[in-house]
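Visitor: Sharing target_24.cif here; it has mmCIF, C-alpha atoms and all ligand atoms.
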```
data_query
loop_
_atom_site.label_atom_id
_atom_site.label_comp_id
_atom_site.auth_asym_id
_atom_site.auth_seq_id
_atom_site.Cartn_x
_atom_site.Cartn_y
_atom_site.Cartn_z
CA MET A 504 63.32 63.20 -50.43
CA GLU A 505 64.75 62.77 -46.96
CA SER A 506 61.76 64.47 -45.29
CA GLU A 507 59.40 62.20 -47.26
CA LEU A 508 61.31 59.17 -45.98
CA SER A 509 61.19 60.38 -42.39
CA TYR A 510 57.47 61.10 -42.82
CA HIS A 511 56.87 57.48 -43.90
CA ALA A 512 59.13 56.13 -41.15
CA ALA A 513 57.34 58.24 -38.52
CA ARG A 514 53.96 57.14 -39.84
CA ALA A 515 54.97 53.47 -39.82
CA LEU A 516 56.19 53.86 -36.25
CA LEU A 517 52.93 55.53 -35.21
CA GLU A 518 50.86 52.79 -36.87
CA TRP A 519 52.99 50.14 -35.15
CA HIS A 520 52.30 51.78 -31.77
CA ILE A 521 48.56 51.95 -32.49
CA GLU A 522 48.58 48.27 -33.48
CA LEU A 523 50.21 47.46 -30.15
CA GLY A 524 47.41 49.31 -28.39
CA ALA A 525 49.22 52.53 -27.46
CA THR A 526 46.60 54.92 -28.82
CA GLU A 527 47.30 57.84 -26.57
CA ALA A 528 50.20 59.86 -25.18
CA ILE A 529 50.07 59.96 -21.39
CA GLY A 530 52.87 62.51 -21.05
CA ASP A 531 53.34 65.85 -22.77
CA LEU A 532 56.97 65.13 -23.64
CA PRO A 533 58.36 61.93 -25.17
CA VAL A 534 60.67 59.92 -22.92
CA ASN A 535 63.81 58.42 -24.45
CA ARG A 536 64.03 55.15 -22.57
CA TYR A 537 67.33 54.29 -24.32
CA GLU A 538 69.07 57.33 -22.87
CA ILE A 539 71.75 56.31 -20.40
CA PRO A 540 71.25 58.16 -17.10
CA ALA A 541 74.09 60.53 -16.20
CA ALA A 542 74.61 58.66 -12.91
CA ALA A 543 75.39 55.47 -14.81
CA LEU A 544 78.11 57.26 -16.86
CA ALA A 545 79.81 58.86 -13.83
CA PRO A 546 83.06 57.13 -12.79
CA LYS A 547 82.42 54.51 -10.13
CA PRO A 548 83.86 55.33 -6.67
CA ALA A 549 86.67 53.05 -5.55
CA PRO A 550 85.33 50.11 -3.53
CA VAL A 551 85.48 50.69 0.21
CA GLU A 552 87.43 48.06 2.09
CA ALA A 553 85.05 45.67 3.75
CA GLN A 554 84.52 46.76 7.35
CA SER A 555 83.00 43.55 8.52
CA THR A 556 83.06 39.93 7.57
CA ALA A 557 79.33 39.47 8.35
CA ALA A 558 77.37 37.79 5.54
CA PRO A 559 75.00 40.12 3.61
CA PRO A 560 71.35 39.79 4.63
CA ILE A 561 69.40 37.20 2.64
CA PRO A 562 66.46 38.88 0.83
CA GLN A 563 63.20 37.63 2.27
CA PRO A 564 60.19 36.95 -0.01
CA MET A 565 57.38 39.53 0.34
CA PRO A 566 54.58 38.09 2.47
CA GLU A 567 51.54 37.09 0.37
CA VAL A 568 48.62 39.44 1.00
CA ASP A 569 45.05 39.33 -0.19
CA PRO A 570 44.41 42.62 -2.08
CA VAL A 571 40.74 42.51 -1.04
CA ASP A 572 41.68 42.24 2.67
CA VAL A 573 44.12 45.13 2.29
CA ALA A 574 41.42 47.26 0.64
CA ARG A 575 38.88 46.31 3.30
CA ALA A 576 41.21 47.34 6.13
CA ALA A 577 42.22 50.60 4.42
CA ALA A 578 38.62 51.53 3.64
CA ALA A 579 37.38 50.71 7.15
CA ASP A 580 40.05 52.99 8.64
CA ALA A 581 38.87 56.02 6.64
CA PRO A 582 36.80 58.29 8.91
CA ASP A 583 35.72 60.70 6.14
CA LEU A 584 35.71 61.22 2.38
CA ARG A 585 39.06 62.96 2.28
CA ALA A 586 40.69 60.09 4.18
CA LEU A 587 39.01 57.56 1.89
CA GLU A 588 40.38 59.31 -1.20
CA ALA A 589 43.86 59.31 0.38
CA ALA A 590 43.55 55.61 1.27
CA MET A 591 42.62 54.82 -2.34
CA ALA A 592 45.55 56.86 -3.65
CA ASP A 593 47.88 54.86 -1.37
CA TYR A 594 46.41 51.47 -2.26
CA PRO A 595 49.22 49.56 -3.99
CA HIS A 596 47.50 46.49 -5.46
CA CYS A 597 45.62 47.82 -8.49
CA ASP A 598 47.83 48.15 -11.56
CA LEU A 599 45.31 50.45 -13.29
CA LYS A 600 46.80 53.24 -11.18
CA MET A 601 50.08 53.01 -13.11
CA GLY A 602 48.48 53.89 -16.45
CA ALA A 603 46.13 56.58 -15.15
CA ARG A 604 46.79 60.31 -14.97
CA ASN A 605 44.41 60.97 -12.11
CA LEU A 606 42.45 59.22 -9.42
CA VAL A 607 38.80 60.03 -10.14
CA PHE A 608 36.96 60.18 -6.82
CA PHE A 609 33.70 62.10 -7.06
CA ASP A 610 31.75 65.05 -8.36
CA GLY A 611 28.52 66.61 -7.14
CA ASN A 612 27.06 67.41 -3.76
CA PRO A 613 28.04 65.17 -0.80
CA ALA A 614 24.74 66.04 0.89
CA ALA A 615 22.68 64.77 -2.08
CA ARG A 616 19.84 62.29 -1.51
CA VAL A 617 20.93 60.32 -4.60
CA MET A 618 24.32 58.71 -5.26
CA ILE A 619 25.07 57.61 -8.82
CA ILE A 620 27.68 54.87 -9.24
CA GLY A 621 29.13 54.45 -12.73
CA GLU A 622 31.77 52.13 -14.11
CA ALA A 623 35.18 53.72 -14.52
CA PRO A 624 36.75 56.92 -15.81
CA GLY A 625 37.20 57.30 -19.55
CA ARG A 626 39.71 59.51 -21.30
CA ASP A 627 38.13 62.86 -20.37
CA GLU A 628 37.53 61.84 -16.77
CA ASP A 629 41.13 60.61 -16.47
CA MET A 630 42.41 63.96 -17.78
CA GLN A 631 40.16 66.12 -15.57
CA GLY A 632 40.05 63.91 -12.44
CA LYS A 633 36.23 64.05 -12.32
CA PRO A 634 33.62 61.41 -13.16
CA PHE A 635 31.23 61.69 -16.09
CA VAL A 636 32.62 64.76 -17.83
CA GLY A 637 32.89 63.33 -21.37
CA ARG A 638 30.08 62.71 -23.85
CA ALA A 639 28.36 60.17 -21.60
CA GLY A 640 28.61 62.61 -18.70
CA GLN A 641 27.07 65.40 -20.75
CA LEU A 642 24.17 63.10 -21.60
CA LEU A 643 23.86 62.21 -17.90
CA ASP A 644 23.63 65.93 -17.06
CA ARG A 645 20.85 66.38 -19.64
CA MET A 646 19.02 63.33 -18.26
CA LEU A 647 19.20 64.73 -14.73
CA ALA A 648 18.10 68.18 -15.91
CA ALA A 649 15.02 66.58 -17.48
CA ILE A 650 13.80 65.70 -13.96
CA GLY A 651 14.95 68.97 -12.39
CA MET A 652 18.19 67.61 -10.93
CA ALA A 653 21.82 68.70 -11.31
CA ARG A 654 25.10 67.43 -9.94
CA HIS A 655 26.02 70.77 -8.38
CA ALA A 656 22.62 71.84 -7.09
CA ASP A 657 22.89 73.30 -3.57
CA ASP A 658 19.57 71.81 -2.55
CA PRO A 659 20.28 68.15 -1.57
CA ALA A 660 16.84 67.20 -2.86
CA ARG A 661 17.83 68.28 -6.39
CA ALA A 662 21.50 67.34 -6.26
CA VAL A 663 23.36 64.11 -7.02
CA TYR A 664 26.67 62.73 -5.86
CA ILE A 665 28.57 60.87 -8.60
CA THR A 666 31.34 58.28 -8.37
CA ASN A 667 32.52 55.11 -10.13
CA VAL A 668 33.31 51.53 -9.17
CA LEU A 669 36.89 52.05 -10.39
CA PRO A 670 38.76 55.28 -9.67
CA TRP A 671 41.37 54.70 -12.40
CA ARG A 672 40.86 54.50 -16.15
CA PRO A 673 41.33 51.00 -17.59
CA PRO A 674 43.59 50.99 -20.67
CA GLN A 675 41.64 51.60 -23.88
CA ASN A 676 38.48 51.75 -21.73
CA ARG A 677 38.43 47.95 -21.55
CA ASP A 678 35.93 46.31 -19.19
CA PRO A 679 37.17 46.04 -15.60
CA THR A 680 38.20 42.52 -14.64
CA PRO A 681 36.38 40.66 -11.81
CA GLU A 682 39.61 40.92 -9.74
CA GLU A 683 39.73 44.71 -10.18
CA ILE A 684 36.07 45.05 -9.19
CA ALA A 685 36.57 42.78 -6.15
CA MET A 686 39.62 44.64 -4.84
CA LEU A 687 38.02 48.07 -5.24
CA LEU A 688 34.60 47.11 -3.92
CA PRO A 689 35.47 47.72 -0.22
CA PHE A 690 36.29 51.32 -1.17
CA VAL A 691 32.93 51.72 -2.95
CA GLN A 692 31.11 50.25 0.07
CA ARG A 693 32.84 52.66 2.43
CA HIS A 694 32.21 55.51 -0.02
CA VAL A 695 28.46 54.82 0.11
CA GLU A 696 28.55 54.54 3.92
CA LEU A 697 30.29 57.90 4.25
CA VAL A 698 28.05 59.77 1.78
CA ASP A 699 25.03 57.97 3.23
CA PRO A 700 22.57 58.71 0.39
CA GLU A 701 18.93 57.70 0.60
CA LEU A 702 18.95 56.13 -2.86
CA VAL A 703 21.60 54.67 -5.13
CA VAL A 704 21.54 54.53 -8.93
CA LEU A 705 23.59 51.71 -10.47
CA MET A 706 24.64 52.90 -13.93
CA GLY A 707 25.29 49.94 -16.22
CA ASN A 708 26.57 46.40 -15.90
CA THR A 709 29.82 46.98 -14.02
CA SER A 710 27.96 48.94 -11.37
CA CYS A 711 25.37 46.15 -11.08
CA GLN A 712 28.15 43.57 -10.91
CA ALA A 713 29.74 45.46 -8.01
CA GLY A 714 26.55 46.36 -6.16
CA LEU A 715 24.37 43.31 -6.82
CA GLY A 716 26.85 40.63 -7.89
CA ARG A 717 24.81 40.34 -11.13
CA ARG A 718 24.95 41.63 -14.69
CA GLY A 719 22.19 41.88 -17.30
CA ILE A 720 21.22 45.54 -17.26
CA THR A 721 18.47 45.06 -19.85
CA ARG A 722 16.55 42.90 -17.38
CA LEU A 723 17.67 44.62 -14.16
CA ARG A 724 16.94 48.21 -15.17
CA GLY A 725 13.92 50.01 -13.87
CA THR A 726 13.23 47.68 -10.91
CA TRP A 727 14.12 48.80 -7.40
CA THR A 728 16.43 46.48 -5.52
CA GLN A 729 18.84 46.73 -2.56
CA ALA A 730 22.54 47.55 -2.88
CA TYR A 731 24.99 48.81 -0.26
CA GLY A 732 22.21 48.48 2.32
CA ARG A 733 19.76 50.90 0.66
CA PRO A 734 17.24 51.10 -2.20
CA ALA A 735 18.99 50.97 -5.55
CA LEU A 736 17.77 51.51 -9.11
CA PRO A 737 19.75 49.92 -11.96
CA MET A 738 19.67 52.05 -15.12
CA PHE A 739 21.18 51.92 -18.59
CA HIS A 740 24.59 53.56 -18.67
CA PRO A 741 24.58 56.83 -20.66
CA ALA A 742 27.48 55.53 -22.80
CA GLY A 743 25.23 52.60 -23.74
CA LEU A 744 22.45 55.07 -24.58
CA LEU A 745 24.79 56.90 -26.94
CA ARG A 746 25.42 53.61 -28.75
CA ASN A 747 21.79 52.44 -28.60
CA PRO A 748 19.58 55.55 -28.60
CA HIS A 749 16.42 53.40 -28.88
CA ASN A 750 16.94 52.58 -25.18
CA LYS A 751 16.48 56.23 -24.21
CA ARG A 752 12.74 55.68 -23.71
CA HIS A 753 13.58 53.11 -21.01
CA ALA A 754 16.03 55.54 -19.42
CA TRP A 755 13.30 58.19 -19.41
CA ALA A 756 10.91 55.79 -17.65
CA ASP A 757 13.62 55.05 -15.06
CA LEU A 758 14.27 58.75 -14.46
CA LEU A 759 10.57 59.28 -13.84
CA GLU A 760 10.64 56.31 -11.45
CA LEU A 761 13.55 57.91 -9.57
CA GLN A 762 11.75 61.25 -9.44
CA ALA A 763 8.55 59.61 -8.14
CA ARG A 764 10.50 57.80 -5.42
CA LEU A 765 12.14 61.06 -4.35
CA GLU A 766 8.75 62.73 -4.22
CA GLY A 767 7.38 59.86 -2.15
CA GLU A 768 5.07 58.53 -4.87
CA ALA A 769 6.79 55.26 -5.71
N1 LIG B 801 31.59 56.22 -17.73
C1 LIG B 801 31.55 55.91 -16.41
O1 LIG B 801 31.02 54.87 -16.02
N2 LIG B 801 32.08 56.77 -15.56
C2 LIG B 801 32.64 57.90 -15.94
O2 LIG B 801 33.12 58.64 -15.07
C3 LIG B 801 32.67 58.21 -17.31
C4 LIG B 801 32.14 57.35 -18.19
#
```
Any chance you could give the structure as structure tokens?
Guide:
Amino acid sequence: MESELSYHAARALLEWHIELGATEAIGDLPVNRYEIPAAALAPKPAPVEAQSTAAPPIPQPMPEVDPVDVARAAAADAPDLRALEAAMADYPHCDLKMGARNLVFFDGNPAARVMIIGEAPGRDEDMQGKPFVGRAGQLLDRMLAAIGMARHADDPARAVYITNVLPWRPPQNRDPTPEEIAMLLPFVQRHVELVDPELVVLMGNTSCQAGLGRRGITRLRGTWTQAYGRPALPMFHPAGLLRNPHNKRHAWADLLELQARLEGEA
């Protein structure tokens, strides 16, 4: 009887957590936040006689900073990709970092002619620290293979370099906010400068928002434009293609367009 009760209590607790939005465990072991730390239980040392009569310092308010300016300065200071990744890891103004397991920086070949910019890591990417490794990523790999390309190809002409606008997973994969996109954009801009690809692919609306300042992927897709100072092709996001497979024919047309451009025909 007792185990049945505890089963129902545990289930009710789990359902309550899910209702609050906590759908995933981010640690392998549960943390008892009600536990009193040993240090707090230790007897307090006797107060030391005051050595000086000077007044304690008055806490000063933190100076207001613009997170976008901070990101711009940090990104500009990064001389290479490794330094850029470190600067992003140190960036203190994006709260997404607190709920993420890993910073997801890139996958693929840094010498590739094509750089693909997606939206943000999902669950699998957050766990593995690499972009596009879940279902959408597997579809992306099949799409690339259909035009003879692969993220890890040694030949830069066949390879791609993959990153995202956001390096940290938003909770429950929610859409990034305009503030998050704005504060991380200087890092994306520097990322493109350092990789220096010939062509950029903007995967989905968030990527178009960051690179073009516009959304509306259904209208934008398939038409070459300029982003980050180079030719850019907006395409449907593979996650969108999984939800709306009828759009795959458009994605196929866009892949052929990309291939033609690489072969100097477009
Ligand atoms: N969707 C993205 O935009 N990026 C990823 O890395 C995974 C899914």
Visitor: Which residues, protein or nucleic acid, reach to within 9 Å of (32.0, 62.9, -23.2) in the file's coordinates when using all atoms listed in the file, and can you give that as a list in words?
Guide: Gly625, Arg626, Asp627, Glu628, Phe635, Val636, Gly637, Arg638, Ala639, Gly640, Gln641, Leu642 and Ala742 of chain A
Visitor: Given a cut-off of 10 Å, what residues near ligand LIG 801 (chain B) show up using all atoms listed in the file, put as a PyMOL selection string?
Guide: chain A and resi 607-610+619-629+632-641+643+665-672+676+705-710+740-743
Visitor: Hey, can you check how far atom CA of Arg661 of chain A sits from atom CA of Val704 of chain A?
Guide: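 According to the coordinates, atom CA of Arg661 of chain A and atom CA of Val704 of chain A are separated by 14.5 Å.
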Visitor: Given the point (15.5, 53.7, -11.6) in the coordinates of this file, which residues lie within 12 Å, counting only C-alpha atoms, and how would they look as a PyMOL selection string?
Guide: chain A and resi 617-619+702-707+720+723-729+734-740+753-765+769
Visitor: Quick check, in Å to one decimal: how far apart do atom CA of Met686 of chain A and atom CA of Ala574 of chain A lie?
Guide: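 Rounded to one decimal, the two atoms are 6.3 Å apart.
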Visitor: Could you pull the residues within 9 Å of Ala603 of chain A, counting all atoms listed in the file, minus those fewer than 2 positions along the same chain, as a ChimeraX atom specification?
Guide: /A:529,599-601,605-606,629-630,671-674
Visitor: Counting all atoms listed in the file, which residue out of A:Tyr510, A:Tyr664, A:Trp519, A:Phe690 sits closest to Ala589 of chain A?
Guide: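 Under the stated criterion, the closest residue is A:Phe690.
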Visitor: Separation of atom CA of Leu687 of chain A and atom CA of His596 of chain A, in Å?
Guide: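 Atom CA of His596 of chain A lies at a distance of 9.6 Å from atom CA of Leu687 of chain A.
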Visitor: Counting only C-alpha atoms, what is within 9 Å of Ala577 of chain A, bar same-chain residues fewer than 6 positions away, as a VMD selection string?
Guide: chain A and resid 587 590 to 591 594 689 to 690
Visitor: Check the smallest atom-to-atom distance from each of A:Glu682, A:Gln675, A:Val695, A:Pro548 to Ile521 of chain A using only C-alpha atoms, then report the winner.
Guide: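 Between A:Glu682, A:Gln675, A:Val695, A:Pro548, the residue approaching Ile521 of chain A most closely is A:Gln675.
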Visitor: Select, from A:Asn612, A:Asn747, A:Gln712, A:Thr556, the residue with the minimum atom-to-atom distance to Pro681 of chain A, counting all atoms listed in the file.
Guide: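 Of the candidates, the smallest distance to Pro681 of chain A is held by A:Gln712.
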